[in-house]
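Peer 1: The following block contains the structure, expressed as C-alpha cells.
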Amino acid sequence: MKKHVLVLAMSAALLLAACGKKEEPVAAPAAPAPVAAAPAAPAGPVLDDEKVLNVYNWPDYITETLIADFEKEYGVKVNYDTFENNEALHAKLVAGNSGYDIVIPTAGFAKKQIDGGLYQPIDKSKLKNYANLDGDFMAKIAGVDPENKHLVPWAWGFTTVGINKQKVEKALGGMPMPENAWDLVFKPEYSSKLRSCGIAYLDSPSEILPVALHYVGKPAYSENKEDFKLAGDMLKKVRKDVRLFSSTMIDDIAGGKACAFIGWSGDINIAAGRVKETGGKDEIVPLLPTGGGLVFIDTMAIPKDAKHVNNAHVFMDFYLRAANAAAMANELNYPTGNKAALADIKDEIKSNKTTFLSPEDTARLIPTGGFSNDVSSVVNETYNAFKRGK
C-alpha cells in the first residue's frame, strides 16, 4: 500500500519619463497618471526552511503518484520508509529521535502513544481541508484521541478472515462453510482441514489478540489479565494448523502461500486484484464474519521530536484534498472518512460490500480501541507464547 510553492512579491511600478527639445517658454510637464498596484498573490502555506519531509507508513499503503505530486507542487523532498506493524512503530517512537515528521499509527494503538506524550498536537488552523472530514467518523477517533487533538485520518477498514474460495472448498471436502467465518481459523474442526492448503495470521499481537478475545466472549480490548488466558488457550489449540505469520500479507496471499488468512480487508482485496492481473482463476475474498470484523482506523500523527512540522501540516492538508482521499479508495480498496471524497470514488468500489459495508455489516464490526500500558506486556506475552507454540 503512497513543488514547488511560488510566493511572488509583486511590487513592480513602471516609471515613465518624457523628454523633448528644450524651448522657451517651457511648460511644466504633466504629472504621470498613477499606476494601479498589482494585486498581491495569495499567500501559500508556510514551509520549513529545510524542504524535507520524512514519512513512516505501512507497506503498500499509499497511492501511486501521491508523493511525486506533493514533491512537484511544493518543492519538498519526501523520504518514505515503511514498518511492518504497530509494535515496530511504537518501538521506534519510544526509543526517541525517530527522525520522522509524519507516522501512520492505528488509532487504537496510538492511544498509549498519546498518553505517553509521543505526539504533538495538530494545528488545525493550518489544515484548510480539515472540513472535508466526516464529523461522525471523527467522533470515533475521538474515543482514543479526545477532541481529535493528535490524529488525522488516513484510511480505515477491518481485520477479518479472507479465503481462497476454490482451495478452501477443496480442503473442506463436503463440509459446509461455518456461519461464523472466524471458526475457519480459530476452531480445530475447521483449521485442521485447512492446514493442508495453509492458514496465515497477521504477525501482530494488536491484531490477533482483540479478535481472539472477542471470539472467546471477552471484550476485544479487555483490561482483565485473566481473559488473556482464555484467548491463549483457544489459540494454542489451532497453533499446529497455522503455517505462516505474515508481515507481507498481500504478497503471501497473491503468491498462494495460504488459503485462509487473518488479514486487513483492503489488503485482501488488493491481493485479489493481483491474482486477476496475473491471469489467476482463484477467487480471493474477504469475508464478513457474523462474529464481526475488527475495525481499524489508520491515522497521521506528528512525533514529538519531528523537525519539519510545517512541512508535515502541508502534507496532511494535501492528503485531505477530496481527490487524494478518493484515490486511496479507488486504488487501494480502503474506504475514507473524507466525506468530500465520496463523489470521486468509482461506482465499482462503492458497490463492493467488503469495502463500503452495509449498515447491517457495519453494526457487527468490533469497534476500534486500544490496550492500556498496564496490559501491554500480557498482550505481547500471550501472543509470543502462541507463536512459539508454548
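Letters for chains follow the order of the C-alpha cells (A, B, ...), residue numbers begin at 1 for each chain, and ligand numbers begin at 1 in the order shown.
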Give one line per residue of range 98-186 of chain A that approaches range 280-299 of chain A to at most 8 Å, naming the two atoms of the closest pair and their distance in Å to one decimal, counting only C-alpha atoms; sort by chain then ascending residue number and deliver it as CSV.
Peer 2:
```
residue,atom,partner,partner_atom,distance
A:Ile104,CA,A:Thr299,CA,5.2
A:Pro105,CA,A:Thr299,CA,5.6
A:Thr106,CA,A:Asp298,CA,4.2
A:Ala107,CA,A:Ile297,CA,5.5
A:Gly108,CA,A:Phe296,CA,7.5
A:Ile141,CA,A:Ile297,CA,7.7
A:Leu151,CA,A:Thr299,CA,5.7
A:Val152,CA,A:Thr299,CA,5.2
A:Pro153,CA,A:Thr299,CA,4.2
A:Trp154,CA,A:Thr299,CA,4.7
A:Ala155,CA,A:Asp298,CA,5.5
A:Trp156,CA,A:Ile297,CA,4.3
A:Gly157,CA,A:Phe296,CA,5.6
A:Phe158,CA,A:Val295,CA,4.3
A:Thr159,CA,A:Leu294,CA,4.9
A:Thr160,CA,A:Gly293,CA,4.9
A:Val161,CA,A:Leu287,CA,5.6
A:Gly162,CA,A:Pro286,CA,4.1
A:Ile163,CA,A:Val285,CA,5.7
A:Asn164,CA,A:Ile284,CA,4.6
A:Lys165,CA,A:Glu283,CA,5.6
A:Gln166,CA,A:Asp282,CA,6.1
A:Lys167,CA,A:Asp282,CA,8.0
A:Glu179,CA,A:Thr290,CA,6.9
A:Asn180,CA,A:Thr290,CA,5.1
A:Ala181,CA,A:Pro289,CA,4.9
A:Trp182,CA,A:Pro289,CA,6.5
```
Peer 1: Pick out the residues sitting within 6 Å of Asn310 in chain A, and hand them over as a ChimeraX atom specification; count only C-alpha atoms, and ignore anything fewer than 3 positions along from it in its own chain.
Peer 2: /A:47-48,313
Peer 1: Write a file of the just-selected residues containing N, CA and C atoms, as a CSV table (one decimal), in the first residue's frame.
Peer 2:
```
chain,number,residue,atom,x,y,z
A,47,LEU,N,6.2,26.7,4.8
A,47,LEU,CA,7.1,25.6,4.8
A,47,LEU,C,8.3,25.8,5.7
A,48,ASP,N,8.9,24.7,6.1
A,48,ASP,CA,10.1,24.8,6.9
A,48,ASP,C,11.3,25.2,6.0
A,313,HIS,N,2.4,19.5,8.3
A,313,HIS,CA,1.0,20.0,8.1
A,313,HIS,C,0.6,20.2,6.7
```
Peer 1: With 9 Å as the cut-off and only C-alpha atoms counted, what is the closest atom pair between each nearby residue of range 273-335 of chain A and range 123-138 of chain A? Distances in Å to one decimal, ordered by chain and number, as a tab-separated table.
Peer 2:
```
residue	atom	partner	partner_atom	distance
A:Asn310	CA	A:Lys126	CA	8.6
A:His313	CA	A:Lys126	CA	6.5
A:Val314	CA	A:Leu127	CA	7.5
A:Met316	CA	A:Leu127	CA	7.3
A:Asp317	CA	A:Leu127	CA	5.0
A:Phe318	CA	A:Asn129	CA	8.0
A:Tyr319	CA	A:Asn129	CA	8.8
A:Leu320	CA	A:Asn129	CA	5.6
A:Arg321	CA	A:Asn129	CA	6.1
A:Ala322	CA	A:Asn132	CA	7.2
```
Peer 1: If you run DSSP on the backbone, which residues of range 322-359 of chain A are alpha helix (DSSP H), as a PyMOL selection string?
Peer 2: chain A and resi 322-332+347-350+359
Peer 1: Extract the full set of strand (DSSP E or B) residues from range 47-274 of chain A according to DSSP on the backbone, and format it as a PDB file with N, CA and C atoms, in the first residue's frame.
Peer 2:
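Writing done, so here's out_20.pdb:
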```pdb
ATOM      1  N   VAL A  52      12.279  19.269   3.346  1.00  0.00           N
ATOM      2  CA  VAL A  52      12.368  17.820   3.520  1.00  0.00           C
ATOM      3  C   VAL A  52      11.188  17.356   4.362  1.00  0.00           C
ATOM      4  N   LEU A  53      10.678  16.171   4.080  1.00  0.00           N
ATOM      5  CA  LEU A  53       9.628  15.560   4.900  1.00  0.00           C
ATOM      6  C   LEU A  53       9.933  14.071   5.011  1.00  0.00           C
ATOM      7  N   ASN A  54       9.981  13.567   6.232  1.00  0.00           N
ATOM      8  CA  ASN A  54      10.279  12.161   6.482  1.00  0.00           C
ATOM      9  C   ASN A  54       9.005  11.453   6.962  1.00  0.00           C
ATOM     10  N   VAL A  55       8.560  10.465   6.190  1.00  0.00           N
ATOM     11  CA  VAL A  55       7.283   9.788   6.427  1.00  0.00           C
ATOM     12  C   VAL A  55       7.535   8.308   6.723  1.00  0.00           C
ATOM     13  N   TYR A  56       6.786   7.774   7.687  1.00  0.00           N
ATOM     14  CA  TYR A  56       6.901   6.365   8.113  1.00  0.00           C
ATOM     15  C   TYR A  56       5.500   5.752   8.044  1.00  0.00           C
ATOM     16  N   ASN A  57       5.309   4.799   7.139  1.00  0.00           N
ATOM     17  CA  ASN A  57       3.968   4.277   6.856  1.00  0.00           C
ATOM     18  C   ASN A  57       4.031   2.757   6.723  1.00  0.00           C
ATOM     19  N   LYS A  77      11.253  17.490  -0.642  1.00  0.00           N
ATOM     20  CA  LYS A  77      11.730  16.127  -0.862  1.00  0.00           C
ATOM     21  C   LYS A  77      11.183  15.206   0.216  1.00  0.00           C
ATOM     22  N   VAL A  78      10.494  14.138  -0.194  1.00  0.00           N
ATOM     23  CA  VAL A  78       9.902  13.199   0.751  1.00  0.00           C
ATOM     24  C   VAL A  78      10.774  11.947   0.855  1.00  0.00           C
ATOM     25  N   ASN A  79      11.194  11.644   2.062  1.00  0.00           N
ATOM     26  CA  ASN A  79      11.874  10.385   2.359  1.00  0.00           C
ATOM     27  C   ASN A  79      10.836   9.451   2.975  1.00  0.00           C
ATOM     28  N   TYR A  80      10.605   8.319   2.339  1.00  0.00           N
ATOM     29  CA  TYR A  80       9.455   7.470   2.687  1.00  0.00           C
ATOM     30  C   TYR A  80       9.939   6.082   3.102  1.00  0.00           C
ATOM     31  N   ASP A  81       9.679   5.710   4.362  1.00  0.00           N
ATOM     32  CA  ASP A  81      10.046   4.397   4.888  1.00  0.00           C
ATOM     33  C   ASP A  81       8.788   3.658   5.340  1.00  0.00           C
ATOM     34  N   THR A  82       8.898   2.346   5.513  1.00  0.00           N
ATOM     35  CA  THR A  82       7.742   1.548   5.933  1.00  0.00           C
ATOM     36  C   THR A  82       8.082   0.689   7.147  1.00  0.00           C
ATOM     37  N   ILE A 102       6.046  12.561   9.973  1.00  0.00           N
ATOM     38  CA  ILE A 102       4.691  12.008   9.950  1.00  0.00           C
ATOM     39  C   ILE A 102       4.803  10.496  10.080  1.00  0.00           C
ATOM     40  N   VAL A 103       3.999   9.933  10.965  1.00  0.00           N
ATOM     41  CA  VAL A 103       3.884   8.483  11.090  1.00  0.00           C
ATOM     42  C   VAL A 103       2.404   8.124  10.973  1.00  0.00           C
ATOM     43  N   THR A 106      -2.226   3.104  13.883  1.00  0.00           N
ATOM     44  CA  THR A 106      -3.641   2.770  14.023  1.00  0.00           C
ATOM     45  C   THR A 106      -4.171   3.500  15.255  1.00  0.00           C
ATOM     46  N   TYR A 119       3.323  12.239  20.753  1.00  0.00           N
ATOM     47  CA  TYR A 119       2.879  13.038  19.610  1.00  0.00           C
ATOM     48  C   TYR A 119       2.631  14.480  20.032  1.00  0.00           C
ATOM     49  N   LEU A 133     -13.582  16.324   6.385  1.00  0.00           N
ATOM     50  CA  LEU A 133     -13.745  15.105   7.167  1.00  0.00           C
ATOM     51  C   LEU A 133     -15.154  14.990   7.739  1.00  0.00           C
ATOM     52  N   VAL A 152      -5.050  12.595  12.480  1.00  0.00           N
ATOM     53  CA  VAL A 152      -5.799  12.953  11.273  1.00  0.00           C
ATOM     54  C   VAL A 152      -5.952  11.684  10.442  1.00  0.00           C
ATOM     55  N   PRO A 153      -7.161  11.310  10.019  1.00  0.00           N
ATOM     56  CA  PRO A 153      -7.369  10.010   9.379  1.00  0.00           C
ATOM     57  C   PRO A 153      -6.640   9.850   8.047  1.00  0.00           C
ATOM     58  N   TRP A 154      -6.158   8.655   7.847  1.00  0.00           N
ATOM     59  CA  TRP A 154      -5.523   8.230   6.593  1.00  0.00           C
ATOM     60  C   TRP A 154      -6.501   7.346   5.819  1.00  0.00           C
ATOM     61  N   ALA A 155      -6.826   6.198   6.382  1.00  0.00           N
ATOM     62  CA  ALA A 155      -7.813   5.288   5.775  1.00  0.00           C
ATOM     63  C   ALA A 155      -8.298   4.349   6.872  1.00  0.00           C
ATOM     64  N   TRP A 156      -9.320   3.565   6.557  1.00  0.00           N
ATOM     65  CA  TRP A 156      -9.814   2.638   7.556  1.00  0.00           C
ATOM     66  C   TRP A 156     -10.253   1.345   6.880  1.00  0.00           C
ATOM     67  N   GLY A 157     -10.540   0.365   7.685  1.00  0.00           N
ATOM     68  CA  GLY A 157     -11.011  -0.921   7.174  1.00  0.00           C
ATOM     69  C   GLY A 157     -11.276  -1.832   8.351  1.00  0.00           C
ATOM     70  N   PHE A 158     -11.165  -3.127   8.139  1.00  0.00           N
ATOM     71  CA  PHE A 158     -11.390  -4.051   9.243  1.00  0.00           C
ATOM     72  C   PHE A 158     -10.524  -5.288   9.069  1.00  0.00           C
ATOM     73  N   THR A 159     -10.083  -5.812  10.192  1.00  0.00           N
ATOM     74  CA  THR A 159      -9.345  -7.063  10.220  1.00  0.00           C
ATOM     75  C   THR A 159     -10.362  -8.193  10.189  1.00  0.00           C
ATOM     76  N   THR A 160     -10.142  -9.152   9.299  1.00  0.00           N
ATOM     77  CA  THR A 160     -11.153 -10.178   9.092  1.00  0.00           C
ATOM     78  C   THR A 160     -10.512 -11.460   8.572  1.00  0.00           C
ATOM     79  N   VAL A 161     -11.361 -12.412   8.251  1.00  0.00           N
ATOM     80  CA  VAL A 161     -10.922 -13.669   7.637  1.00  0.00           C
ATOM     81  C   VAL A 161     -11.090 -13.547   6.134  1.00  0.00           C
ATOM     82  N   GLY A 162     -10.050 -13.906   5.406  1.00  0.00           N
ATOM     83  CA  GLY A 162     -10.142 -13.979   3.953  1.00  0.00           C
ATOM     84  C   GLY A 162      -9.838 -15.394   3.504  1.00  0.00           C
ATOM     85  N   ILE A 163     -10.329 -15.739   2.330  1.00  0.00           N
ATOM     86  CA  ILE A 163     -10.105 -17.101   1.834  1.00  0.00           C
ATOM     87  C   ILE A 163      -9.842 -17.116   0.330  1.00  0.00           C
ATOM     88  N   ASN A 164      -9.159 -18.155  -0.094  1.00  0.00           N
ATOM     89  CA  ASN A 164      -9.133 -18.560  -1.488  1.00  0.00           C
ATOM     90  C   ASN A 164     -10.277 -19.563  -1.629  1.00  0.00           C
ATOM     91  N   ILE A 199      -2.864 -21.827   6.545  1.00  0.00           N
ATOM     92  CA  ILE A 199      -3.501 -20.731   7.273  1.00  0.00           C
ATOM     93  C   ILE A 199      -2.414 -19.713   7.605  1.00  0.00           C
ATOM     94  N   ALA A 200      -2.705 -18.434   7.385  1.00  0.00           N
ATOM     95  CA  ALA A 200      -1.765 -17.354   7.695  1.00  0.00           C
ATOM     96  C   ALA A 200      -2.412 -16.371   8.665  1.00  0.00           C
ATOM     97  N   TYR A 201      -1.653 -15.937   9.645  1.00  0.00           N
ATOM     98  CA  TYR A 201      -2.084 -14.903  10.586  1.00  0.00           C
ATOM     99  C   TYR A 201      -1.226 -13.651  10.364  1.00  0.00           C
ATOM    100  N   LEU A 202      -1.828 -12.489  10.492  1.00  0.00           N
ATOM    101  CA  LEU A 202      -1.037 -11.267  10.575  1.00  0.00           C
ATOM    102  C   LEU A 202      -0.064 -11.391  11.747  1.00  0.00           C
ATOM    103  N   LEU A 244       1.832 -19.784   8.676  1.00  0.00           N
ATOM    104  CA  LEU A 244       2.593 -18.576   8.417  1.00  0.00           C
ATOM    105  C   LEU A 244       2.125 -17.421   9.292  1.00  0.00           C
ATOM    106  N   PHE A 245       3.078 -16.678   9.852  1.00  0.00           N
ATOM    107  CA  PHE A 245       2.809 -15.395  10.494  1.00  0.00           C
ATOM    108  C   PHE A 245       3.380 -14.335   9.559  1.00  0.00           C
ATOM    109  N   SER A 246       2.514 -13.543   8.975  1.00  0.00           N
ATOM    110  CA  SER A 246       2.910 -12.732   7.824  1.00  0.00           C
ATOM    111  C   SER A 246       2.963 -11.238   8.127  1.00  0.00           C
ATOM    112  N   ALA A 260      -6.439 -19.604   3.742  1.00  0.00           N
ATOM    113  CA  ALA A 260      -7.276 -18.886   4.714  1.00  0.00           C
ATOM    114  C   ALA A 260      -6.344 -18.005   5.529  1.00  0.00           C
ATOM    115  N   PHE A 261      -6.802 -16.798   5.838  1.00  0.00           N
ATOM    116  CA  PHE A 261      -5.889 -15.850   6.451  1.00  0.00           C
ATOM    117  C   PHE A 261      -6.639 -14.826   7.283  1.00  0.00           C
ATOM    118  N   ILE A 262      -5.980 -14.392   8.358  1.00  0.00           N
ATOM    119  CA  ILE A 262      -6.454 -13.234   9.110  1.00  0.00           C
ATOM    120  C   ILE A 262      -5.693 -12.043   8.546  1.00  0.00           C
ATOM    121  N   GLY A 263      -6.420 -11.128   7.908  1.00  0.00           N
ATOM    122  CA  GLY A 263      -5.765 -10.002   7.254  1.00  0.00           C
ATOM    123  C   GLY A 263      -6.646  -8.778   7.241  1.00  0.00           C
ATOM    124  N   TRP A 264      -6.128  -7.724   6.645  1.00  0.00           N
ATOM    125  CA  TRP A 264      -6.871  -6.480   6.523  1.00  0.00           C
ATOM    126  C   TRP A 264      -7.722  -6.510   5.266  1.00  0.00           C
TER     127      TRP A 264
END
```
Peer 1: Which is closer to Thr63 in chain A than all the others in A:Thr278, A:Ser222, A:Thr248, A:Asn333, using only C-alpha atoms?
Peer 2: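 Of A:Thr278, A:Ser222, A:Thr248, A:Asn333, the one nearest Thr63 in chain A, counting only C-alpha atoms, is A:Asn333.
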Peer 1: So that I can check the surroundings of range 373-386 of chain A, please list as a list of chain:residue names every protein, DNA and RNA residue that reaches within 6 Å of it, counting only C-alpha atoms and ignoring chain neighbours fewer than 4 positions away.
Peer 2: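 These residues fall inside the cut-off: A:Pro205, A:Gly232, A:Lys236, A:Lys390.
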Peer 1: I need the residues from that last selection saved to file as a PDB file, in the first residue's frame (with N, CA, C and O atoms), if you can.
Peer 2:
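Saved result, part.pdb, follows:
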```pdb
ATOM      1  N   PRO A 205       0.570  -8.773  17.548  1.00  0.00           N
ATOM      2  CA  PRO A 205      -0.259  -9.008  18.729  1.00  0.00           C
ATOM      3  C   PRO A 205      -1.502  -8.129  18.769  1.00  0.00           C
ATOM      4  O   PRO A 205      -2.575  -8.590  19.184  1.00  0.00           O
ATOM      5  N   GLY A 232      -5.495 -17.248  24.977  1.00  0.00           N
ATOM      6  CA  GLY A 232      -4.287 -18.022  24.701  1.00  0.00           C
ATOM      7  C   GLY A 232      -4.557 -19.507  24.602  1.00  0.00           C
ATOM      8  O   GLY A 232      -3.982 -20.202  23.744  1.00  0.00           O
ATOM      9  N   LYS A 236      -3.850 -21.788  21.311  1.00  0.00           N
ATOM     10  CA  LYS A 236      -2.935 -22.921  21.423  1.00  0.00           C
ATOM     11  C   LYS A 236      -3.483 -24.150  20.689  1.00  0.00           C
ATOM     12  O   LYS A 236      -2.730 -24.931  20.096  1.00  0.00           O
ATOM     13  N   LYS A 390       3.988 -22.510  22.675  1.00  0.00           N
ATOM     14  CA  LYS A 390       4.162 -22.872  24.087  1.00  0.00           C
ATOM     15  C   LYS A 390       2.836 -22.911  24.835  1.00  0.00           C
ATOM     16  O   LYS A 390       1.936 -22.148  24.539  1.00  0.00           O
TER      17      LYS A 390
END
```
Peer 1: When distances are computed from only C-alpha atoms, which of A:Ile67, A:Ala212, A:Leu89, A:Ile345 shows the smallest separation from Asp183 in chain A?
Peer 2: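 Answer, going by the shortest atom-to-atom distance: A:Ala212.
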Peer 1: Please list as a list in words every residue within 10 Å of range 341-343 of chain A, counting only C-alpha atoms and excluding residues in the same chain fewer than 2 positions away.
Peer 2: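 Counting only C-alpha atoms, the residues come to Asn132, Leu133, Leu320, Arg321, Ala322, Ala323, Asn324, Ala325, Ala326, Ala327, Met328, Ala329, Pro335, Thr336, Gly337, Asn338, Lys339, Ile345, Lys346, Asp347 and Lys350 of chain A.
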Peer 1: Using the selection just defined, write its residues with N, CA, C and O atoms as a compact mmCIF listing (two decimals), in the first residue's frame.
Peer 2:
```txt
# COMPACT_ATOMS: atom_id res chain seq x y z
N ASN A 132 -13.28 18.77 5.23
CA ASN A 132 -13.72 17.68 4.36
C ASN A 132 -14.04 16.41 5.14
O ASN A 132 -14.71 15.51 4.62
N LEU A 133 -13.58 16.32 6.39
CA LEU A 133 -13.74 15.11 7.17
C LEU A 133 -15.15 14.99 7.74
O LEU A 133 -15.78 15.98 8.10
N LEU A 320 -5.67 15.60 2.54
CA LEU A 320 -7.09 15.78 2.84
C LEU A 320 -7.89 16.38 1.67
O LEU A 320 -9.11 16.52 1.77
N ARG A 321 -7.23 16.72 0.59
CA ARG A 321 -7.98 17.11 -0.60
C ARG A 321 -8.86 15.95 -1.04
O ARG A 321 -8.46 14.78 -0.98
N ALA A 322 -10.05 16.27 -1.52
CA ALA A 322 -11.01 15.23 -1.88
C ALA A 322 -10.43 14.24 -2.89
O ALA A 322 -10.60 13.02 -2.76
N ALA A 323 -9.74 14.74 -3.90
CA ALA A 323 -9.22 13.87 -4.96
C ALA A 323 -8.19 12.89 -4.42
O ALA A 323 -8.16 11.71 -4.84
N ASN A 324 -7.35 13.32 -3.49
CA ASN A 324 -6.33 12.43 -2.96
C ASN A 324 -6.93 11.38 -2.04
O ASN A 324 -6.49 10.22 -2.03
N ALA A 325 -7.91 11.75 -1.24
CA ALA A 325 -8.58 10.78 -0.38
C ALA A 325 -9.35 9.76 -1.22
O ALA A 325 -9.39 8.57 -0.90
N ALA A 326 -9.98 10.22 -2.31
CA ALA A 326 -10.73 9.31 -3.18
C ALA A 326 -9.79 8.31 -3.85
O ALA A 326 -10.15 7.14 -4.05
N ALA A 327 -8.59 8.75 -4.19
CA ALA A 327 -7.63 7.85 -4.84
C ALA A 327 -7.27 6.68 -3.93
O ALA A 327 -7.00 5.58 -4.41
N MET A 328 -7.24 6.92 -2.62
CA MET A 328 -6.94 5.83 -1.68
C MET A 328 -7.97 4.71 -1.83
O MET A 328 -7.62 3.52 -1.86
N ALA A 329 -9.24 5.08 -1.93
CA ALA A 329 -10.28 4.08 -2.11
C ALA A 329 -10.20 3.45 -3.50
O ALA A 329 -10.29 2.22 -3.65
N PRO A 335 -11.74 2.34 2.40
CA PRO A 335 -12.68 3.47 2.49
C PRO A 335 -12.05 4.64 3.22
O PRO A 335 -11.01 4.52 3.87
N THR A 336 -12.70 5.78 3.11
CA THR A 336 -12.16 7.01 3.67
C THR A 336 -13.17 7.68 4.58
O THR A 336 -14.38 7.52 4.41
N GLY A 337 -12.66 8.44 5.53
CA GLY A 337 -13.52 9.26 6.38
C GLY A 337 -13.68 10.67 5.84
O GLY A 337 -14.19 11.55 6.52
N ASN A 338 -13.25 10.88 4.60
CA ASN A 338 -13.31 12.18 3.95
C ASN A 338 -14.60 12.26 3.14
O ASN A 338 -14.71 11.71 2.05
N LYS A 339 -15.59 12.96 3.68
CA LYS A 339 -16.91 12.99 3.03
C LYS A 339 -16.87 13.70 1.69
O LYS A 339 -17.65 13.38 0.78
N ILE A 345 -15.20 8.72 -5.86
CA ILE A 345 -14.91 7.29 -5.73
C ILE A 345 -15.70 6.52 -6.78
O ILE A 345 -16.88 6.76 -7.00
N LYS A 346 -15.03 5.58 -7.44
CA LYS A 346 -15.63 4.82 -8.53
C LYS A 346 -16.82 4.00 -8.03
O LYS A 346 -16.82 3.49 -6.92
N ASP A 347 -17.80 3.84 -8.91
CA ASP A 347 -19.01 3.10 -8.55
C ASP A 347 -18.69 1.66 -8.18
O ASP A 347 -19.31 1.10 -7.26
N LYS A 350 -17.51 1.69 -4.61
CA LYS A 350 -18.62 1.95 -3.68
C LYS A 350 -19.54 0.74 -3.54
O LYS A 350 -20.12 0.51 -2.48
```
